[in-house]
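Taking it in order: structure first as structure tokens, then the write-up.
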Amino acid sequence: MIVDSIQQLQHFNSKAVFLYPILRDLRVHNKVNTVIGFVVIDLETRNAITISNNHPEGIWHTNNLEFLNNSIVYCYNTIALKYAGYDTSKYIDVMMQYYLYTNTGYTTTTPNIIQHYTRVYPNCYRINELVSLCKHEQIAQEILQECWVKELQPGLSFYQDELLTAFHKIETNGIAVNGELFANRFGSTLSLVDKKSYTQYNYYTATGRPSNRFGGINFAALNKEDDTRSCFVSSHEQGCLVEIDFNSYHPRLIAQLIGYDFGTDNVYEHLASYYHNTPNPTPQQIESAKEGTFRQLYGGIQQQYLHIPFFSRTNEIARYLWKTAEDLGYVESPISGRRLMLSNHSDMNMNTLFNYFIQMYETEMNVIILNKIHELLQSHKTKPVLYTYDSILFDVELSELDYLLRGVVTKAIDLEKFPIKIKRGDNYKSLALLQ
């Protein structure tokens with residue numbers, strides 16, 4: 001039912017409802033998208049109303065959702081509402097619920113009518129204004145049927161309050177570009193808005209590590225060899241890019257879990273001394289130890305390396321996690337409480353479970369760090385603009401560089417447990433190690 005008066009909204013007060021925002025066009029970035037309406041569905045009766053917010057078909061228009069203040073709101077696509085300025089803190093994120101329940105992201109087939117209009121008007125980025133409100137209501141009902149999970153999932157509070165906030169704030173900052181270089185490399189892309197390229201994180205991955213792509217650009221795998229990274233620059237007249245890169249991050253994360261102390265040692269030099277039974281391993285032996293360590297951590301600890309204390313204790317925790325999963329059906333994150341359920345994986349084994357657990361732990365640790373960084377930079381011009389697993393890229397106002405390095409990084413990161421490398425440059429390719 002299309003709403004034509006405010007009185008029709010009152011039925012949904014104090015109800016449990018599904019809220020579906022209608023966006024102007026699903027192809028454009030949330031930064032420049034517009035919410036043109038809402039579908040609200042009573043979760044008990046499945047009765048629905050569709051509210052116009054300047055949709056051409058609307059009779060009565062509003063962008064006010066205060067009538068849901070006393071309702072239990074399961075919201076689809078809370079990120080879109082965050083971009084539009086809505087307070088979603090009391091909403092239950094439907095997409096995150098589905099992910100935590102299934103360990104997969106919810107995907108829906110683009111409705112035929114939207115595919116049709118997109119083909120007919122490929123350069124029109126207001127496609128959902130051409131689709132009737134009744135059709136949007138039908139789409140919302142179908143999505144509700146497919147992805148609604150009623151019971152609140154373990155880890156939901158951390159993932160929708162902490163994780164979504166951490167990456168949403170990075171997305172909204174955008175990355176400044178050299179317009180000519182960017183156009184030559186990427187051509188026309190919906191990622192570009194007002195001399196900035198906007199990223200979009202996908203949180204709903206099997207391993208828990210967010211991927212990041214938008215407008216045909218894979219921001220998590222920008223080519224290091226060609227000039228691709230030269231496109232990305234500081235937005236400040238007197239500015240630079242600074243990247244902090246965690247050293248040997250996975251071994252050190254594992255060390256924290258198992259109570260192992262690498263101290264100030266280079267991780268791979270430390271392990272090379274065990275591999276090669278020497279207190280002074282050569283550079284070649286250290287490089288070999290790095291390659292060997294990755295094989296052990298991701299392929300399973302081989303018997304011949306169990307005499308090395310770090311690997312012995314890593315093997316113990318991997319076995320403990322697997323035994324726990326076999327007994328309970330899941331293992332639980334010590335940070336968020338999120339559960340990795342064996343029932344969601346047909347081919348899970350001990351090594352795979354351990355890898356998923358460590359990558360989940362890595363992401364959650366980084367979310368805590370990122371939110372601390374956001375807090376410390378809240379009133380500053382310097383901002384984080386890109387996150388890629390074990391590194392964070394900052395767009396830095398030069399007058400704030402010292403504050404970033406001495407006042408932010410040192411407060412947000414335990415540098416004794418997680419040492420970092422710091423690089424600086426005029427563009428993303430020219431980053432050079434700070435001495």
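Chain identifiers are assigned as A, B, and so on, following the order in which chains appear in the structure tokens; residues are numbered from 1 within each chain, and ligands are numbered from 1 in order of appearance.
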For this session: May I have the residues within 7 Å of Val233 in chain A as a list in words, using only C-alpha atoms and disregarding those fewer than 5 positions away in the same chain?
Result: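 Counting only the stated atoms, we get Ala176, Val177, Asn178, Leu241, Asp426, Asn427 and Tyr428 of chain A.
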For this session: Taking the DSSP assignment computed from this structure's backbone, write out as a list in words all residues of range 185-328 of chain A that belong to strand (DSSP E).
Result: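 Written out, the strand (DSSP E) residues of range 185-328 of chain A are Leu192, Val193, Lys196, Ser197, Tyr201, Asn202, Ser211, Asn212, Arg213, Phe214, Ile217, Asn218, Gly239, Cys240, Leu241, Val242, Glu243, Ile244, Asp245 and Phe246 of chain A.
Using only C-alpha atoms, the contacts of range 304-312 of chain A at a cut-off of 9 Å, with sequence neighbours closer than 6 positions omitted, comprise Pro251, Ala255, Ile258, Tyr260, Leu271, Tyr274, Tyr275, Thr293, Gln296 and Leu297 of chain A.
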Problem set entry | Selection: 10 Å around range 30-34 of chain A, only C-alpha atoms, excl. self and same-chain fewer than 4 positions, as a VMD selection string | chain A and resid 21 to 26 53 to 54 79 to 84 125 to 126 171 to 174 190 to 191 193 198 to 200
Print the selection's residues with N, CA and C atoms to a file, as a compact mmCIF listing (two decimals), in the first residue's frame.
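For reference, selection32.txt as written:
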# COMPACT_ATOMS: atom_id res chain seq x y z
N PRO A 21 15.06 0.54 2.59
CA PRO A 21 15.20 1.84 1.92
C PRO A 21 15.27 1.65 0.40
N ILE A 22 14.56 2.48 -0.33
CA ILE A 22 14.61 2.47 -1.80
C ILE A 22 15.61 3.52 -2.24
N LEU A 23 16.68 3.07 -2.90
CA LEU A 23 17.71 4.00 -3.36
C LEU A 23 17.45 4.41 -4.80
N ARG A 24 17.91 5.60 -5.16
CA ARG A 24 17.66 6.12 -6.51
C ARG A 24 18.25 5.20 -7.58
N ASP A 25 19.45 4.69 -7.33
CA ASP A 25 20.07 3.79 -8.29
C ASP A 25 21.11 2.95 -7.56
N LEU A 26 21.05 1.63 -7.70
CA LEU A 26 21.94 0.75 -6.97
C LEU A 26 23.35 0.69 -7.55
N ASN A 53 9.71 9.27 -0.78
CA ASN A 53 10.54 10.41 -0.40
C ASN A 53 10.99 11.06 -1.71
N ASN A 54 10.02 11.70 -2.37
CA ASN A 54 10.23 12.34 -3.67
C ASN A 54 10.37 11.35 -4.82
N ILE A 79 23.87 0.73 5.93
CA ILE A 79 24.94 1.62 5.47
C ILE A 79 24.38 2.73 4.59
N ALA A 80 23.43 2.40 3.71
CA ALA A 80 22.82 3.42 2.86
C ALA A 80 22.14 4.49 3.71
N LEU A 81 21.50 4.07 4.79
CA LEU A 81 20.84 5.04 5.66
C LEU A 81 21.86 5.87 6.44
N LYS A 82 22.99 5.26 6.81
CA LYS A 82 24.06 6.02 7.47
C LYS A 82 24.54 7.15 6.57
N TYR A 83 24.76 6.82 5.29
CA TYR A 83 25.19 7.84 4.34
C TYR A 83 24.16 8.96 4.21
N ALA A 84 22.89 8.60 4.33
CA ALA A 84 21.81 9.59 4.18
C ALA A 84 21.59 10.38 5.47
N TYR A 125 21.05 7.39 -14.21
CA TYR A 125 21.37 6.87 -12.89
C TYR A 125 20.28 7.24 -11.88
N ARG A 126 19.04 7.09 -12.36
CA ARG A 126 17.85 7.29 -11.51
C ARG A 126 16.86 6.15 -11.77
N GLU A 171 35.24 4.85 4.11
CA GLU A 171 34.59 5.04 2.81
C GLU A 171 34.20 6.48 2.58
N THR A 172 33.63 7.11 3.58
CA THR A 172 33.13 8.48 3.40
C THR A 172 34.26 9.47 3.14
N ASN A 173 35.49 9.14 3.53
CA ASN A 173 36.61 10.06 3.31
C ASN A 173 37.02 10.10 1.84
N GLY A 174 36.91 8.98 1.13
CA GLY A 174 37.34 8.94 -0.26
C GLY A 174 38.85 9.12 -0.39
N LEU A 190 32.23 4.95 -11.95
CA LEU A 190 31.31 5.52 -10.96
C LEU A 190 31.99 5.71 -9.61
N SER A 191 33.24 5.24 -9.50
CA SER A 191 33.99 5.45 -8.27
C SER A 191 34.37 6.91 -8.08
N VAL A 193 34.03 10.80 -7.77
CA VAL A 193 33.07 11.84 -7.41
C VAL A 193 33.86 13.05 -6.91
N TYR A 198 35.90 6.77 -4.56
CA TYR A 198 35.25 6.20 -3.37
C TYR A 198 35.26 4.68 -3.41
N THR A 199 35.62 4.11 -2.28
CA THR A 199 35.71 2.67 -2.14
C THR A 199 34.42 2.12 -1.55
N GLN A 200 34.29 0.80 -1.60
CA GLN A 200 33.12 0.15 -0.97
C GLN A 200 33.57 -1.20 -0.42
Problem set entry | Close residues, Leu257 in chain A itself excluded, 10 Å, only C-alpha atoms, min 3 positions apart in chain, as a PyMOL selection string | chain A and resi 251-254+260+313-314+317+334+358+361
Report the closest atom pair, with its distance in Å rounded to one decimal, for each residue of range 142-180 of chain A that has an atom no farther than 12 Å from range 68-78 of chain A; count only C-alpha atoms, sort by chain and then rising residue number, and write it as JSON lines.
{"residue": "A:Ile143", "atom": "CA", "partner": "A:Tyr76", "partner_atom": "CA", "distance": 8.9}
{"residue": "A:Leu144", "atom": "CA", "partner": "A:Tyr76", "partner_atom": "CA", "distance": 8.7}
{"residue": "A:Glu146", "atom": "CA", "partner": "A:Tyr76", "partner_atom": "CA", "distance": 11.9}
{"residue": "A:Cys147", "atom": "CA", "partner": "A:Tyr76", "partner_atom": "CA", "distance": 9.5}
{"residue": "A:Trp148", "atom": "CA", "partner": "A:Tyr74", "partner_atom": "CA", "distance": 8.2}
{"residue": "A:Val149", "atom": "CA", "partner": "A:Tyr74", "partner_atom": "CA", "distance": 9.2}
{"residue": "A:Lys150", "atom": "CA", "partner": "A:Tyr74", "partner_atom": "CA", "distance": 8.6}
{"residue": "A:Glu151", "atom": "CA", "partner": "A:Tyr74", "partner_atom": "CA", "distance": 10.9}
{"residue": "A:Leu152", "atom": "CA", "partner": "A:Tyr74", "partner_atom": "CA", "distance": 10.4}
{"residue": "A:Gln160", "atom": "CA", "partner": "A:Thr78", "partner_atom": "CA", "distance": 9.0}
{"residue": "A:Asp161", "atom": "CA", "partner": "A:Thr78", "partner_atom": "CA", "distance": 10.9}
{"residue": "A:Leu164", "atom": "CA", "partner": "A:Thr78", "partner_atom": "CA", "distance": 9.2}
{"residue": "A:Thr165", "atom": "CA", "partner": "A:Thr78", "partner_atom": "CA", "distance": 10.7}
{"residue": "A:His168", "atom": "CA", "partner": "A:Thr78", "partner_atom": "CA", "distance": 10.6}
Writing out the chosen residues with N, CA and C atoms as a short mmCIF file (atom, residue, chain, number, x, y, z; two decimals), in the first residue's frame:
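Output (selection_19.cif):
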data_model
loop_
_atom_site.label_atom_id
_atom_site.label_comp_id
_atom_site.auth_asym_id
_atom_site.auth_seq_id
_atom_site.Cartn_x
_atom_site.Cartn_y
_atom_site.Cartn_z
N ILE A 143 12.87 -10.01 -0.62
CA ILE A 143 14.12 -9.98 0.14
C ILE A 143 13.88 -10.41 1.58
N LEU A 144 12.82 -9.91 2.18
CA LEU A 144 12.46 -10.30 3.53
C LEU A 144 12.31 -11.81 3.63
N GLU A 146 13.66 -14.10 1.92
CA GLU A 146 14.90 -14.84 1.67
C GLU A 146 15.96 -14.66 2.76
N CYS A 147 16.01 -13.50 3.39
CA CYS A 147 17.20 -13.24 4.22
C CYS A 147 16.93 -12.83 5.66
N TRP A 148 15.68 -12.73 6.08
CA TRP A 148 15.44 -12.30 7.46
C TRP A 148 15.76 -13.40 8.45
N VAL A 149 16.58 -13.08 9.43
CA VAL A 149 16.89 -13.98 10.55
C VAL A 149 16.40 -13.29 11.81
N LYS A 150 15.46 -13.90 12.49
CA LYS A 150 14.82 -13.24 13.63
C LYS A 150 15.73 -13.18 14.85
N GLU A 151 16.33 -14.33 15.22
CA GLU A 151 17.12 -14.39 16.45
C GLU A 151 18.41 -13.60 16.29
N LEU A 152 18.70 -12.75 17.28
CA LEU A 152 19.92 -11.95 17.22
C LEU A 152 21.14 -12.87 17.29
N GLN A 160 27.87 -4.79 13.82
CA GLN A 160 27.10 -3.68 13.25
C GLN A 160 27.45 -2.34 13.91
N ASP A 161 27.90 -2.37 15.15
CA ASP A 161 28.22 -1.11 15.82
C ASP A 161 29.68 -0.70 15.60
N LEU A 164 30.99 -1.99 11.09
CA LEU A 164 30.37 -1.16 10.06
C LEU A 164 30.78 0.30 10.21
N THR A 165 30.87 0.77 11.45
CA THR A 165 31.26 2.15 11.69
C THR A 165 32.70 2.40 11.24
N HIS A 168 32.75 2.31 7.34
CA HIS A 168 31.91 3.38 6.79
C HIS A 168 32.64 4.72 6.84
#
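Distances to Val242 in chain A were evaluated for A:Tyr121, A:Trp322, A:Phe394, A:Tyr99 using only C-alpha atoms, and the minimum falls at A:Phe394.
Shortest atom-to-atom contact with Glu400 in chain A among A:Leu415, A:Leu130, A:Leu376, A:Ala325: A:Leu376, counting only C-alpha atoms.
The shell of residues at most 8 Å from Gly58 in chain A, with only C-alpha atoms counted and near chain neighbours (fewer than 6 positions) removed, consists of Ile2, Asp4, Ile51, Ser52 and Leu133 of chain A.
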Problem set entry | Surrounding residues of Met360 in chain A excluding itself and chain neighbours under 4 positions, 10 Å, only C-alpha atoms, as a PyMOL selection string | chain A and resi 206-210+333+335-336+338+340+354-356+364-366
Problem set entry | Nearest to Tyr98 in chain A by atom-to-atom distance, counting only C-alpha atoms, from A:Gly337, A:Gln145, A:Gly425, A:Cys124 | A:Gln145
Exercise. Could you write out, as a ChimeraX atom specification, all the residues of range 66-239 of chain A that DSSP marks as helix (DSSP H, G or I)?
Worked result: /A:66-68,78-83,94-102,112-120,127-130,133-147,156-173,179-186,219-221,228-231
Problem set entry | Between CA of Ser343 in chain A and CA of Tyr330 in chain A - distance in Å to one decimal |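 We find that CA of Tyr330 in chain A and CA of Ser343 in chain A lie 8.3 Å from each other.
Take CA of Glu237 in chain A and CA of Leu433 in chain A: the distance between them is 22.2 Å.
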Exercise. Pick the closest to Glu332 in chain A from A:Pro122, A:Pro154, A:Pro56, A:Pro283: which is it, counting only C-alpha atoms?
Worked result: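 So, comparing all the options, the nearest one is A:Pro154.
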Exercise. So which one's closest to Val3 in chain A, A:His250, A:Arg119, A:His61, A:Arg46? Using only C-alpha atoms, please.
Worked result: A:His61
For this session: Would you mind telling me which residue in A:Arg185, A:His116, A:His276, A:His236 lies nearest to Asn223 in chain A when using only C-alpha atoms?
Result: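 For Asn223 in chain A, the nearest of the candidates is A:Arg185.
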